[in-house]
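The file work_11.pdb comes next; it holds PDB, C-alpha atoms.
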ATOM      1  CA  MET M 190      13.072 -17.178 -73.826
ATOM      2  CA  THR M 191      13.228 -20.793 -72.628
ATOM      3  CA  SER M 192      16.446 -21.683 -70.858
ATOM      4  CA  THR M 193      18.368 -24.770 -71.898
ATOM      5  CA  PRO M 194      18.866 -27.766 -69.562
ATOM      6  CA  GLU M 195      22.563 -26.842 -69.387
ATOM      7  CA  ALA M 196      21.749 -23.308 -68.282
ATOM      8  CA  ARG M 197      19.313 -24.591 -65.661
ATOM      9  CA  THR M 198      21.989 -26.966 -64.329
ATOM     10  CA  GLY M 199      24.399 -24.073 -63.811
ATOM     11  CA  ASP M 200      21.772 -21.673 -62.486
ATOM     12  CA  ALA M 201      20.670 -24.106 -59.775
ATOM     13  CA  THR M 202      24.207 -24.224 -58.435
ATOM     14  CA  LEU M 203      25.137 -20.560 -58.843
ATOM     15  CA  GLY M 204      21.852 -19.507 -57.233
ATOM     16  CA  LYS M 205      23.108 -20.786 -53.899
ATOM     17  CA  ALA M 206      25.594 -17.908 -53.671
ATOM     18  CA  ALA M 207      22.951 -15.767 -51.953
ATOM     19  CA  ASP M 208      22.853 -18.205 -49.019
ATOM     20  CA  GLU M 209      26.546 -17.934 -48.148
ATOM     21  CA  ASN M 210      27.852 -16.155 -45.054
ATOM     22  CA  PHE M 211      29.904 -13.800 -47.209
ATOM     23  CA  PRO M 212      29.467 -11.917 -50.497
ATOM     24  CA  VAL M 213      30.630 -14.111 -53.381
ATOM     25  CA  ALA M 214      30.868 -11.567 -56.207
ATOM     26  CA  PRO M 215      29.392  -8.211 -55.089
ATOM     27  CA  PHE M 216      28.288  -5.546 -57.531
ATOM     28  CA  PHE M 217      31.120  -3.114 -56.759
ATOM     29  CA  LEU M 218      33.782  -5.383 -58.253
ATOM     30  CA  PRO M 219      34.875  -5.061 -61.889
ATOM     31  CA  ARG M 220      32.779  -7.229 -64.202
ATOM     32  CA  ALA M 221      35.767  -9.430 -65.103
ATOM     33  CA  TRP M 222      36.423 -10.179 -61.435
ATOM     34  CA  ARG M 223      32.749 -10.957 -60.814
ATOM     35  CA  ASP M 224      32.657 -13.363 -63.718
ATOM     36  CA  ASP M 225      35.817 -15.132 -62.582
ATOM     37  CA  LEU M 226      34.692 -15.323 -58.959
ATOM     38  CA  MET M 227      31.343 -16.802 -59.985
ATOM     39  CA  ALA M 228      33.095 -19.354 -62.183
ATOM     40  CA  VAL M 229      35.224 -20.460 -59.236
ATOM     41  CA  TYR M 230      32.220 -20.386 -56.903
ATOM     42  CA  GLY M 231      30.238 -22.560 -59.305
ATOM     43  CA  TYR M 232      33.027 -25.117 -59.222
ATOM     44  CA  ALA M 233      33.382 -25.069 -55.428
ATOM     45  CA  ARG M 234      29.628 -25.197 -54.829
ATOM     46  CA  LEU M 235      29.137 -28.071 -57.246
ATOM     47  CA  VAL M 236      31.895 -30.212 -55.773
ATOM     48  CA  ASP M 237      30.421 -29.636 -52.289
ATOM     49  CA  ASP M 238      26.949 -30.526 -53.550
ATOM     50  CA  ILE M 239      28.329 -33.768 -54.979
ATOM     51  CA  GLY M 240      30.006 -34.582 -51.678
ATOM     52  CA  ASP M 241      26.910 -33.711 -49.649
ATOM     53  CA  GLY M 242      24.403 -35.444 -51.933
ATOM     54  CA  ASP M 243      22.667 -32.117 -52.620
ATOM     55  CA  LEU M 244      22.534 -32.298 -56.408
ATOM     56  CA  ALA M 245      19.398 -31.294 -58.263
ATOM     57  CA  PRO M 246      17.089 -34.244 -58.923
ATOM     58  CA  GLY M 247      16.962 -35.832 -62.346
ATOM     59  CA  GLY M 248      20.588 -36.842 -62.766
ATOM     60  CA  ALA M 249      21.595 -33.995 -65.100
ATOM     61  CA  ASP M 250      24.963 -33.518 -63.383
ATOM     62  CA  ALA M 251      25.747 -37.228 -63.728
ATOM     63  CA  ARG M 252      24.854 -37.172 -67.422
ATOM     64  CA  HIS M 253      27.096 -34.167 -67.994
ATOM     65  CA  LEU M 254      29.972 -36.092 -66.412
ATOM     66  CA  GLY M 255      29.407 -39.144 -68.572
ATOM     67  CA  LEU M 256      27.654 -41.249 -65.953
ATOM     68  CA  GLU M 257      24.192 -42.737 -65.794
ATOM     69  CA  PRO M 258      21.584 -40.613 -63.971
ATOM     70  CA  GLU M 259      21.185 -43.234 -61.231
ATOM     71  CA  GLN M 260      24.889 -42.844 -60.412
ATOM     72  CA  SER M 261      24.179 -39.385 -58.989
ATOM     73  CA  ASP M 262      23.933 -41.010 -55.563
ATOM     74  CA  ASP M 263      27.351 -42.680 -55.878
ATOM     75  CA  ARG M 264      29.335 -39.772 -54.500
ATOM     76  CA  LEU M 265      32.788 -41.274 -54.964
ATOM     77  CA  ALA M 266      32.023 -42.190 -58.573
ATOM     78  CA  MET M 267      30.718 -38.652 -59.159
ATOM     79  CA  LEU M 268      33.830 -37.123 -57.590
ATOM     80  CA  ASP M 269      36.069 -39.319 -59.736
ATOM     81  CA  ALA M 270      34.199 -38.297 -62.891
ATOM     82  CA  PHE M 271      34.302 -34.668 -61.790
ATOM     83  CA  GLU M 272      38.079 -34.843 -61.322
ATOM     84  CA  THR M 273      38.460 -36.371 -64.781
ATOM     85  CA  ASP M 274      36.451 -33.483 -66.210
ATOM     86  CA  LEU M 275      38.556 -30.988 -64.235
ATOM     87  CA  HIS M 276      41.683 -32.273 -65.951
ATOM     88  CA  ARG M 277      40.027 -31.377 -69.269
ATOM     89  CA  VAL M 278      39.838 -27.772 -68.041
ATOM     90  CA  PHE M 279      43.622 -27.624 -67.805
ATOM     91  CA  ALA M 280      44.415 -29.734 -70.886
ATOM     92  CA  THR M 281      45.650 -27.850 -73.935
ATOM     93  CA  THR M 282      44.463 -30.516 -76.357
ATOM     94  CA  GLY M 283      41.708 -33.113 -76.520
ATOM     95  CA  GLN M 284      38.106 -33.072 -75.422
ATOM     96  CA  GLU M 285      36.626 -29.974 -73.808
ATOM     97  CA  PRO M 286      35.067 -30.256 -70.336
ATOM     98  CA  ARG M 287      31.667 -31.949 -70.308
ATOM     99  CA  HIS M 288      30.002 -30.205 -67.394
ATOM    100  CA  PRO M 289      28.735 -26.679 -68.194
ATOM    101  CA  LEU M 290      30.171 -25.227 -64.989
ATOM    102  CA  LEU M 291      33.590 -26.629 -65.833
ATOM    103  CA  ARG M 292      33.343 -25.268 -69.352
ATOM    104  CA  ALA M 293      32.547 -21.885 -67.782
ATOM    105  CA  LEU M 294      35.616 -22.246 -65.558
ATOM    106  CA  ARG M 295      38.023 -22.885 -68.420
ATOM    107  CA  PRO M 296      38.316 -19.252 -69.656
ATOM    108  CA  THR M 297      38.984 -18.094 -66.093
ATOM    109  CA  VAL M 298      41.704 -20.707 -65.613
ATOM    110  CA  ARG M 299      43.412 -19.633 -68.808
ATOM    111  CA  ARG M 300      42.967 -15.892 -68.313
ATOM    112  CA  ARG M 301      44.322 -15.971 -64.751
ATOM    113  CA  ALA M 302      46.880 -18.781 -65.276
ATOM    114  CA  LEU M 303      45.385 -20.786 -62.406
ATOM    115  CA  THR M 304      46.902 -24.110 -61.364
ATOM    116  CA  PRO M 305      45.023 -27.361 -60.663
ATOM    117  CA  GLU M 306      46.102 -27.766 -57.041
ATOM    118  CA  PRO M 307      43.423 -25.674 -55.281
ATOM    119  CA  PHE M 308      40.672 -27.271 -57.345
ATOM    120  CA  LEU M 309      41.993 -30.774 -56.638
ATOM    121  CA  GLY M 310      42.130 -29.961 -52.929
ATOM    122  CA  LEU M 311      38.400 -29.237 -52.897
ATOM    123  CA  ILE M 312      37.685 -32.590 -54.543
ATOM    124  CA  GLU M 313      39.902 -34.396 -52.046
ATOM    125  CA  ALA M 314      38.115 -32.706 -49.144
ATOM    126  CA  ASN M 315      34.820 -34.094 -50.397
ATOM    127  CA  ARG M 316      36.338 -37.551 -50.829
ATOM    128  CA  GLN M 317      37.463 -37.293 -47.224
ATOM    129  CA  ASP M 318      33.896 -36.461 -46.224
ATOM    130  CA  GLN M 319      32.810 -39.853 -47.565
ATOM    131  CA  LYS M 320      35.389 -41.680 -45.441
ATOM    132  CA  VAL M 321      36.039 -39.588 -42.323
ATOM    133  CA  ARG M 322      33.019 -38.840 -40.141
ATOM    134  CA  ARG M 323      34.709 -37.669 -36.929
ATOM    135  CA  TYR M 324      37.793 -35.622 -36.017
ATOM    136  CA  ALA M 325      39.766 -36.472 -32.897
ATOM    137  CA  THR M 326      41.655 -33.190 -32.564
ATOM    138  CA  TYR M 327      41.508 -29.624 -33.744
ATOM    139  CA  GLY M 328      44.731 -30.289 -35.656
ATOM    140  CA  GLU M 329      42.948 -32.947 -37.701
ATOM    141  CA  LEU M 330      40.078 -30.555 -38.391
ATOM    142  CA  ALA M 331      42.499 -27.797 -39.438
ATOM    143  CA  ALA M 332      44.134 -30.237 -41.871
ATOM    144  CA  TYR M 333      40.700 -30.894 -43.353
ATOM    145  CA  CYS M 334      40.118 -27.130 -43.691
ATOM    146  CA  GLU M 335      43.422 -26.937 -45.579
ATOM    147  CA  LEU M 336      41.664 -28.948 -48.293
ATOM    148  CA  SER M 337      38.058 -27.812 -47.924
ATOM    149  CA  ALA M 338      38.341 -24.050 -47.374
ATOM    150  CA  ASN M 339      41.824 -22.604 -47.746
ATOM    151  CA  PRO M 340      42.027 -23.262 -51.518
ATOM    152  CA  VAL M 341      39.123 -20.846 -52.050
ATOM    153  CA  GLY M 342      40.987 -17.933 -50.501
ATOM    154  CA  ARG M 343      44.106 -18.795 -52.439
ATOM    155  CA  LEU M 344      42.072 -18.760 -55.642
ATOM    156  CA  VAL M 345      40.667 -15.316 -54.814
ATOM    157  CA  LEU M 346      44.214 -13.988 -54.392
ATOM    158  CA  ALA M 347      45.296 -15.642 -57.634
ATOM    159  CA  LEU M 348      42.297 -14.257 -59.528
ATOM    160  CA  THR M 349      43.094 -10.735 -58.371
ATOM    161  CA  GLY M 350      46.848 -11.010 -58.898
ATOM    162  CA  THR M 351      47.610 -10.277 -55.245
ATOM    163  CA  ALA M 352      49.007 -13.579 -53.949
ATOM    164  CA  SER M 353      52.112 -13.506 -51.755
ATOM    165  CA  PRO M 354      53.325 -15.928 -49.065
ATOM    166  CA  GLU M 355      52.164 -13.639 -46.253
ATOM    167  CA  ARG M 356      48.771 -12.964 -47.813
ATOM    168  CA  VAL M 357      48.269 -16.690 -48.391
ATOM    169  CA  ARG M 358      49.040 -17.320 -44.711
ATOM    170  CA  LEU M 359      46.528 -14.705 -43.592
ATOM    171  CA  SER M 360      43.952 -15.901 -46.126
ATOM    172  CA  ASP M 361      44.275 -19.436 -44.785
ATOM    173  CA  ALA M 362      43.422 -18.170 -41.288
ATOM    174  CA  VAL M 363      40.296 -16.425 -42.578
ATOM    175  CA  CYS M 364      39.147 -19.388 -44.665
ATOM    176  CA  THR M 365      39.685 -21.887 -41.861
ATOM    177  CA  ALA M 366      37.660 -19.591 -39.602
ATOM    178  CA  LEU M 367      34.830 -19.380 -42.129
ATOM    179  CA  GLN M 368      34.778 -23.164 -42.421
ATOM    180  CA  VAL M 369      34.665 -23.594 -38.643
ATOM    181  CA  VAL M 370      31.820 -21.068 -38.442
ATOM    182  CA  GLU M 371      29.873 -22.986 -41.074
ATOM    183  CA  HIS M 372      30.404 -26.194 -39.119
ATOM    184  CA  LEU M 373      29.065 -24.523 -35.977
ATOM    185  CA  GLN M 374      25.967 -23.320 -37.811
ATOM    186  CA  ASP M 375      25.346 -26.757 -39.308
ATOM    187  CA  VAL M 376      25.906 -29.073 -36.319
ATOM    188  CA  ALA M 377      22.416 -30.589 -36.560
ATOM    189  CA  GLU M 378      22.464 -30.853 -40.351
ATOM    190  CA  ASP M 379      25.896 -32.478 -40.320
ATOM    191  CA  LEU M 380      24.863 -34.943 -37.631
ATOM    192  CA  ALA M 381      21.924 -35.998 -39.803
ATOM    193  CA  ARG M 382      24.580 -36.935 -42.404
ATOM    194  CA  ASP M 383      26.528 -38.815 -39.709
ATOM    195  CA  ARG M 384      29.262 -36.187 -39.631
ATOM    196  CA  ILE M 385      30.624 -34.307 -36.636
ATOM    197  CA  TYR M 386      33.126 -31.510 -37.181
ATOM    198  CA  LEU M 387      33.488 -30.664 -33.490
ATOM    199  CA  PRO M 388      36.835 -32.126 -32.347
ATOM    200  CA  ALA M 389      36.361 -35.114 -30.055
ATOM    201  CA  GLU M 390      38.979 -33.750 -27.653
ATOM    202  CA  ASP M 391      36.861 -30.601 -27.205
ATOM    203  CA  MET M 392      33.656 -32.597 -26.815
ATOM    204  CA  ASP M 393      35.347 -34.604 -24.055
ATOM    205  CA  ARG M 394      36.609 -31.424 -22.399
ATOM    206  CA  PHE M 395      33.068 -30.008 -22.200
ATOM    207  CA  ARG M 396      31.487 -33.402 -21.455
ATOM    208  CA  VAL M 397      29.419 -33.402 -24.618
ATOM    209  CA  ALA M 398      28.258 -36.748 -25.984
ATOM    210  CA  GLU M 399      27.022 -37.334 -29.522
ATOM    211  CA  ALA M 400      23.528 -37.872 -28.137
ATOM    212  CA  ASP M 401      23.606 -34.301 -26.794
ATOM    213  CA  LEU M 402      23.982 -33.016 -30.352
ATOM    214  CA  ALA M 403      20.851 -34.869 -31.460
ATOM    215  CA  ARG M 404      18.526 -33.046 -29.060
ATOM    216  CA  PRO M 405      16.084 -30.371 -30.242
ATOM    217  CA  SER M 406      17.828 -27.724 -28.152
ATOM    218  CA  ALA M 407      21.319 -27.459 -26.728
ATOM    219  CA  GLY M 408      22.031 -27.938 -23.064
ATOM    220  CA  ALA M 409      24.573 -25.943 -21.093
ATOM    221  CA  SER M 410      27.510 -28.186 -22.002
ATOM    222  CA  VAL M 411      26.818 -27.987 -25.743
ATOM    223  CA  ARG M 412      26.401 -24.211 -25.547
ATOM    224  CA  ALA M 413      29.731 -23.922 -23.730
ATOM    225  CA  LEU M 414      31.399 -26.021 -26.412
ATOM    226  CA  ILE M 415      29.937 -23.920 -29.235
ATOM    227  CA  ALA M 416      31.031 -20.744 -27.438
ATOM    228  CA  TYR M 417      34.563 -22.128 -27.149
ATOM    229  CA  GLU M 418      34.754 -23.022 -30.840
ATOM    230  CA  SER M 419      33.235 -19.638 -31.734
ATOM    231  CA  GLU M 420      36.009 -17.838 -29.887
ATOM    232  CA  ARG M 421      38.596 -19.954 -31.710
ATOM    233  CA  ALA M 422      37.079 -18.904 -35.043
ATOM    234  CA  SER M 423      36.887 -15.288 -33.898
ATOM    235  CA  GLU M 424      40.615 -15.285 -33.121
ATOM    236  CA  LEU M 425      41.386 -16.603 -36.593
ATOM    237  CA  LEU M 426      39.266 -13.855 -38.149
ATOM    238  CA  ARG M 427      41.138 -11.261 -36.062
ATOM    239  CA  ASP M 428      44.400 -12.734 -37.324
ATOM    240  CA  GLY M 429      43.132 -12.203 -40.867
ATOM    241  CA  ILE M 430      42.361  -8.488 -40.507
ATOM    242  CA  PRO M 431      45.881  -7.487 -41.678
ATOM    243  CA  LEU M 432      45.068  -9.239 -44.948
ATOM    244  CA  VAL M 433      42.324  -6.668 -45.546
ATOM    245  CA  GLY M 434      44.732  -3.822 -44.795
ATOM    246  CA  SER M 435      47.387  -5.229 -47.129
ATOM    247  CA  VAL M 436      45.350  -4.576 -50.282
ATOM    248  CA  ASP M 437      43.626  -1.529 -51.717
ATOM    249  CA  GLY M 438      40.491  -0.454 -53.525
ATOM    250  CA  ARG M 439      37.658  -2.806 -54.292
ATOM    251  CA  LEU M 440      39.589  -5.887 -53.278
ATOM    252  CA  ARG M 441      39.841  -4.454 -49.774
ATOM    253  CA  LEU M 442      36.054  -4.148 -49.698
ATOM    254  CA  LEU M 443      35.652  -7.739 -50.894
ATOM    255  CA  LEU M 444      38.014  -9.165 -48.279
ATOM    256  CA  ALA M 445      36.393  -7.045 -45.576
ATOM    257  CA  GLY M 446      33.104  -8.618 -46.667
ATOM    258  CA  PHE M 447      34.554 -12.104 -46.210
ATOM    259  CA  VAL M 448      35.870 -11.362 -42.719
ATOM    260  CA  GLY M 449      32.788  -9.331 -41.789
ATOM    261  CA  GLY M 450      30.515 -12.127 -42.963
ATOM    262  CA  GLY M 451      32.240 -14.570 -40.642
ATOM    263  CA  ARG M 452      32.058 -12.136 -37.744
ATOM    264  CA  SER M 453      28.375 -11.531 -38.443
ATOM    265  CA  ALA M 454      27.662 -15.261 -38.436
ATOM    266  CA  LEU M 455      29.416 -15.561 -35.081
ATOM    267  CA  THR M 456      27.265 -12.695 -33.799
ATOM    268  CA  ALA M 457      24.164 -14.623 -34.885
ATOM    269  CA  ILE M 458      25.409 -17.737 -33.095
ATOM    270  CA  SER M 459      26.039 -15.722 -29.941
ATOM    271  CA  ALA M 460      22.615 -14.045 -30.199
ATOM    272  CA  ALA M 461      21.064 -17.525 -30.261
ATOM    273  CA  GLY M 462      22.707 -18.242 -26.920
ATOM    274  CA  PHE M 463      25.078 -20.626 -28.749
ATOM    275  CA  ASP M 464      22.144 -22.972 -29.298
ATOM    276  CA  VAL M 465      22.700 -24.093 -32.881
ATOM    277  CA  LEU M 466      20.669 -27.294 -32.681
ATOM    278  CA  PRO M 467      17.218 -25.939 -33.706
ATOM    279  CA  GLY M 468      18.746 -24.715 -36.974
ATOM    280  CA  PRO M 469      21.631 -22.647 -38.297
ATOM    281  CA  PRO M 470      21.724 -19.084 -36.913
ATOM    282  CA  LYS M 471      22.048 -16.862 -39.979
ATOM    283  CA  PRO M 472      23.592 -13.389 -40.216
ATOM    284  CA  THR M 473      21.482 -10.542 -41.518
ATOM    285  CA  LYS M 474      22.657  -8.273 -44.321
ATOM    286  CA  PRO M 475      22.690  -5.174 -42.071
ATOM    287  CA  SER M 476      24.839  -7.090 -39.579
ATOM    288  CA  MET M 477      27.220  -8.166 -42.333
ATOM    289  CA  LEU M 478      27.576  -4.567 -43.508
ATOM    290  CA  ARG M 479      28.213  -3.331 -39.970
ATOM    291  CA  GLU M 480      30.859  -5.974 -39.341
ATOM    292  CA  ALA M 481      32.546  -5.298 -42.680
ATOM    293  CA  ALA M 482      32.745  -1.613 -41.721
ATOM    294  CA  VAL M 483      34.339  -2.566 -38.379
ATOM    295  CA  VAL M 484      36.892  -4.714 -40.198
ATOM    296  CA  LEU M 485      37.744  -1.865 -42.582
ATOM    297  CA  ARG M 486      38.309   0.537 -39.689
ATOM    298  CA  ARG M 487      40.531  -1.920 -37.843
ATOM    299  CA  ALA M 488      42.461  -2.762 -40.993
ATOM    300  CA  ARG M 489      43.213   0.919 -41.570
ATOM    301  CA  ARG M 490      44.480   1.314 -38.004
ATOM    302  CA  GLU M 491      46.724  -1.745 -38.275
ATOM    303  CA  ARG M 492      48.376  -0.842 -41.593
TER     304      ARG M 492
END
Show how you would write the structure in this file as structure tokens.
Amino acid sequence: MTSTPEARTGDATLGKAADENFPVAPFFLPRAWRDDLMAVYGYARLVDDIGDGDLAPGGADARHLGLEPEQSDDRLAMLDAFETDLHRVFATTGQEPRHPLLRALRPTVRRRALTPEPFLGLIEANRQDQKVRRYATYGELAAYCELSANPVGRLVLALTGTASPERVRLSDAVCTALQVVEHLQDVAEDLARDRIYLPAEDMDRFRVAEADLARPSAGASVRALIAYESERASELLRDGIPLVGSVDGRLRLLLAGFVGGGRSALTAISAAGFDVLPGPPKPTKPSMLREAAVVLRRARRER
């Protein structure tokens, strides 16, 4: 059977789930949860691809959003059109969403009574990426993670009906950690986009200049900086372990996978001698499984 252009547009985005540091919608979850998680992932991945300029060639996403194909490269225009289409997801009357991934999101939003705020936060994070290229302090970076990462964890809790103020707090710690880990893996790639997510105050502390990040391999000062930021992320992941212990059943396995995936990525960074400049150190699946098992054991002890 020949797939439609709409299906190919969605498949190209959803297919990136296999490259994440954590399991997006693993097989052991109920089918309804998997479908809802993939709908949310499709949204989050697409908005990031718009912000990063990583859309599939041909302009299909722009056409879906009511723009001309050549406007695919105008990231702010694409984000504005995407936000307009998002509002159609939540509208009870009027036109249905234009983009196939947003149409796929609509049943999830209605079934789980989701609110627009987390979705809008992800759009705003990508707008910020077009305007803010450097972060002076860790506090500024954490505020960015509040928009770019923390909404995803809050959506997972909302989808599974397990949100509470304390779980949201712990989820935010895990999601911020996962975002920091991704930034550490992608230092060279981000620099090529003229973005640096390493706080300037930390770069100054370790005497790292921007030119040091452009080298083929990291020197001692860059490695020390990456090790420092890795430990910061590791502490946040440790803080999130009680979140895993606060839930039961398959959700506990899913959250352990999130935390374990971050820990596994940090292990890969450490195994590379904290030299992330040749390319992103990637966790292996066996390592992710081992780390998830460690998280489950620790969560049981801390309950």
Problem set entry | atom CA of Thr297 of chain M to atom CA of Ala228 of chain M, straight-line distance in Å | 7.2 Å
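This file gives the following result for the PyMOL selection byres ((chain M and resi 472-475) around 10): Glu209, Asn210, Phe211, Pro212, Gly450, Gly451, Arg452, Ser453, Ala454, Leu455, Thr456, Ala457, Ile458, Pro469, Pro470, Lys471, Ser476, Met477, Leu478, Arg479, Glu480 and Ala481 of chain M.
Among the candidate residues M:Ala332, M:Arg396, M:Gly255, M:Leu443, the one lying nearest to Pro215 of chain M is M:Leu443, with distances computed using only C-alpha atoms.
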For this session: Could you jot down the atom CA of Val448 of chain M to atom CA of Glu491 of chain M separation for me, Å, one decimal place?
Result: 15.2 Å
Name the residues captured by the PyMOL selection byres ((chain M and resi 271) around 10) when it is applied to the shown file; answer as an mmCIF file with C-alpha atoms, in the coordinates of the input.
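Once everything was written out, this is out-v6.cif:
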data_model
loop_
_atom_site.group_PDB
_atom_site.id
_atom_site.type_symbol
_atom_site.label_atom_id
_atom_site.label_comp_id
_atom_site.auth_asym_id
_atom_site.auth_seq_id
_atom_site.Cartn_x
_atom_site.Cartn_y
_atom_site.Cartn_z
ATOM 1 C CA TYR M 232 33.027 -25.117 -59.222
ATOM 2 C CA LEU M 235 29.137 -28.071 -57.246
ATOM 3 C CA VAL M 236 31.895 -30.212 -55.773
ATOM 4 C CA ILE M 239 28.329 -33.768 -54.979
ATOM 5 C CA ASP M 250 24.963 -33.518 -63.383
ATOM 6 C CA ALA M 251 25.747 -37.228 -63.728
ATOM 7 C CA HIS M 253 27.096 -34.167 -67.994
ATOM 8 C CA LEU M 254 29.972 -36.092 -66.412
ATOM 9 C CA GLY M 255 29.407 -39.144 -68.572
ATOM 10 C CA LEU M 265 32.788 -41.274 -54.964
ATOM 11 C CA ALA M 266 32.023 -42.190 -58.573
ATOM 12 C CA MET M 267 30.718 -38.652 -59.159
ATOM 13 C CA LEU M 268 33.830 -37.123 -57.590
ATOM 14 C CA ASP M 269 36.069 -39.319 -59.736
ATOM 15 C CA ALA M 270 34.199 -38.297 -62.891
ATOM 16 C CA GLU M 272 38.079 -34.843 -61.322
ATOM 17 C CA THR M 273 38.460 -36.371 -64.781
ATOM 18 C CA ASP M 274 36.451 -33.483 -66.210
ATOM 19 C CA LEU M 275 38.556 -30.988 -64.235
ATOM 20 C CA HIS M 276 41.683 -32.273 -65.951
ATOM 21 C CA ARG M 277 40.027 -31.377 -69.269
ATOM 22 C CA PRO M 286 35.067 -30.256 -70.336
ATOM 23 C CA ARG M 287 31.667 -31.949 -70.308
ATOM 24 C CA HIS M 288 30.002 -30.205 -67.394
ATOM 25 C CA LEU M 291 33.590 -26.629 -65.833
ATOM 26 C CA ILE M 312 37.685 -32.590 -54.543
#
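Across the structure, atom CA of Pro467 of chain M and atom CA of Ala377 of chain M are spaced 7.5 Å apart.
When only C-alpha atoms are used to measure the gap to Leu226 of chain M, the shortest distance among M:Ala460, M:Ala280, M:Ala422, M:Leu346 belongs to M:Leu346.
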For this session: Can you pull out every residue within 9 Å of Val436 of chain M, counting all atoms listed in the file, but drop anything in the same chain fewer than 5 positions away, and send it as a list in words?
Result: Thr351, Arg441 and Leu444 of chain M
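Within the 7 Å cut-off around Leu432 of chain M, using all atoms listed in the file and omitting residues fewer than 3 positions from it on the same chain, the listed residues are Arg356, Leu359, Ser360, Gly429 and Ser435 of chain M.
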Can I get the selection written as a JSON list (two decimals), in the coordinates of the input, with C-alpha atoms?
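The file below, again24.json, is the result:
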[["chain", "number", "residue", "atom", "x", "y", "z"],
["M", 356, "ARG", "CA", 48.77, -12.96, -47.81],
["M", 359, "LEU", "CA", 46.53, -14.70, -43.59],
["M", 360, "SER", "CA", 43.95, -15.90, -46.13],
["M", 429, "GLY", "CA", 43.13, -12.20, -40.87],
["M", 435, "SER", "CA", 47.39, -5.23, -47.13]]
For this session: Could you tell me which residues the PyMOL selection byres ((chain M and resi 361) around 8) grabs in this file, written as a ChimeraX atom specification?
Result: /M:335,338-339,342-343,357-360,362-365
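Distance check against Arg264 of chain M using only C-alpha atoms: of M:Asp375, M:Asp237, M:Ala302, M:Gly283, the minimum falls on M:Asp237.
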For this session: Write out as a list in words each polymer residue whose atoms come within 9 Å of Val483 of chain M, counting only C-alpha atoms; drop sequence neighbours fewer than 5 positions from it.
Result: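 Neighbouring residues, sequence-local ones excluded: Ala445, Gly449, Leu478 and Ala488 of chain M.
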For this session: Write out as JSON, numbers by chain which residues come within 8 Å of Leu402 of chain M when counting all atoms listed in the file, dropping same-chain ones fewer than 2 positions away.
Result: {"M": [376, 377, 380, 397, 398, 399, 400, 404, 407, 411, 466]}
Problem set entry | Which of M:Leu440, M:Leu414, M:Ala482, M:Leu387 sits closest to Pro219 of chain M [using all atoms listed in the file] |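 Among the listed residues, the smallest separation from Pro219 of chain M belongs to M:Leu440.
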Exercise. Of the candidates M:Glu418, M:Asp318, M:Glu313, M:Asp225, which one gets nearest to Glu371 of chain M if we count all atoms listed in the file?
Worked result: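 When distances to Glu371 of chain M are compared using all atoms listed in the file, the smallest one comes from M:Glu418.
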For this session: Measuring atom to atom with only C-alpha atoms, identify which of M:Thr282, M:Ser459, M:Gln317, M:Thr349 is nearest to Glu420 of chain M.
Result: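 Between M:Thr282, M:Ser459, M:Gln317, M:Thr349, the residue approaching Glu420 of chain M most closely is M:Ser459.
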Written record: segment 310-320 of chain M, N, CA and C atoms, as a short mmCIF file (atom, residue, chain, number, x, y, z; two decimals), in the first residue's frame:
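The result, stored in out.cif:
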data_model
loop_
_atom_site.label_atom_id
_atom_site.label_comp_id
_atom_site.auth_asym_id
_atom_site.auth_seq_id
_atom_site.Cartn_x
_atom_site.Cartn_y
_atom_site.Cartn_z
N GLY M 310 4.45 26.39 26.05
CA GLY M 310 5.80 26.54 26.58
C GLY M 310 6.85 26.02 25.62
N LEU M 311 6.56 24.88 24.98
CA LEU M 311 7.52 24.31 24.03
C LEU M 311 7.70 25.21 22.81
N ILE M 312 6.63 25.84 22.37
CA ILE M 312 6.76 26.79 21.26
C ILE M 312 7.59 27.99 21.68
N GLU M 313 7.33 28.50 22.88
CA GLU M 313 8.07 29.68 23.34
C GLU M 313 9.55 29.37 23.52
N ALA M 314 9.88 28.16 23.94
CA ALA M 314 11.29 27.77 24.06
C ALA M 314 11.98 27.85 22.70
N ASN M 315 11.29 27.41 21.66
CA ASN M 315 11.89 27.45 20.33
C ASN M 315 11.94 28.87 19.77
N ARG M 316 11.00 29.71 20.14
CA ARG M 316 11.14 31.13 19.79
C ARG M 316 12.38 31.71 20.48
N GLN M 317 12.57 31.35 21.73
CA GLN M 317 13.74 31.85 22.46
C GLN M 317 15.02 31.41 21.78
N ASP M 318 15.03 30.19 21.23
CA ASP M 318 16.22 29.71 20.54
C ASP M 318 16.58 30.58 19.34
N GLN M 319 15.61 31.25 18.76
CA GLN M 319 15.90 32.11 17.60
C GLN M 319 16.48 33.45 18.03
N LYS M 320 16.33 33.79 19.31
CA LYS M 320 16.72 35.12 19.78
C LYS M 320 17.85 35.09 20.81
#
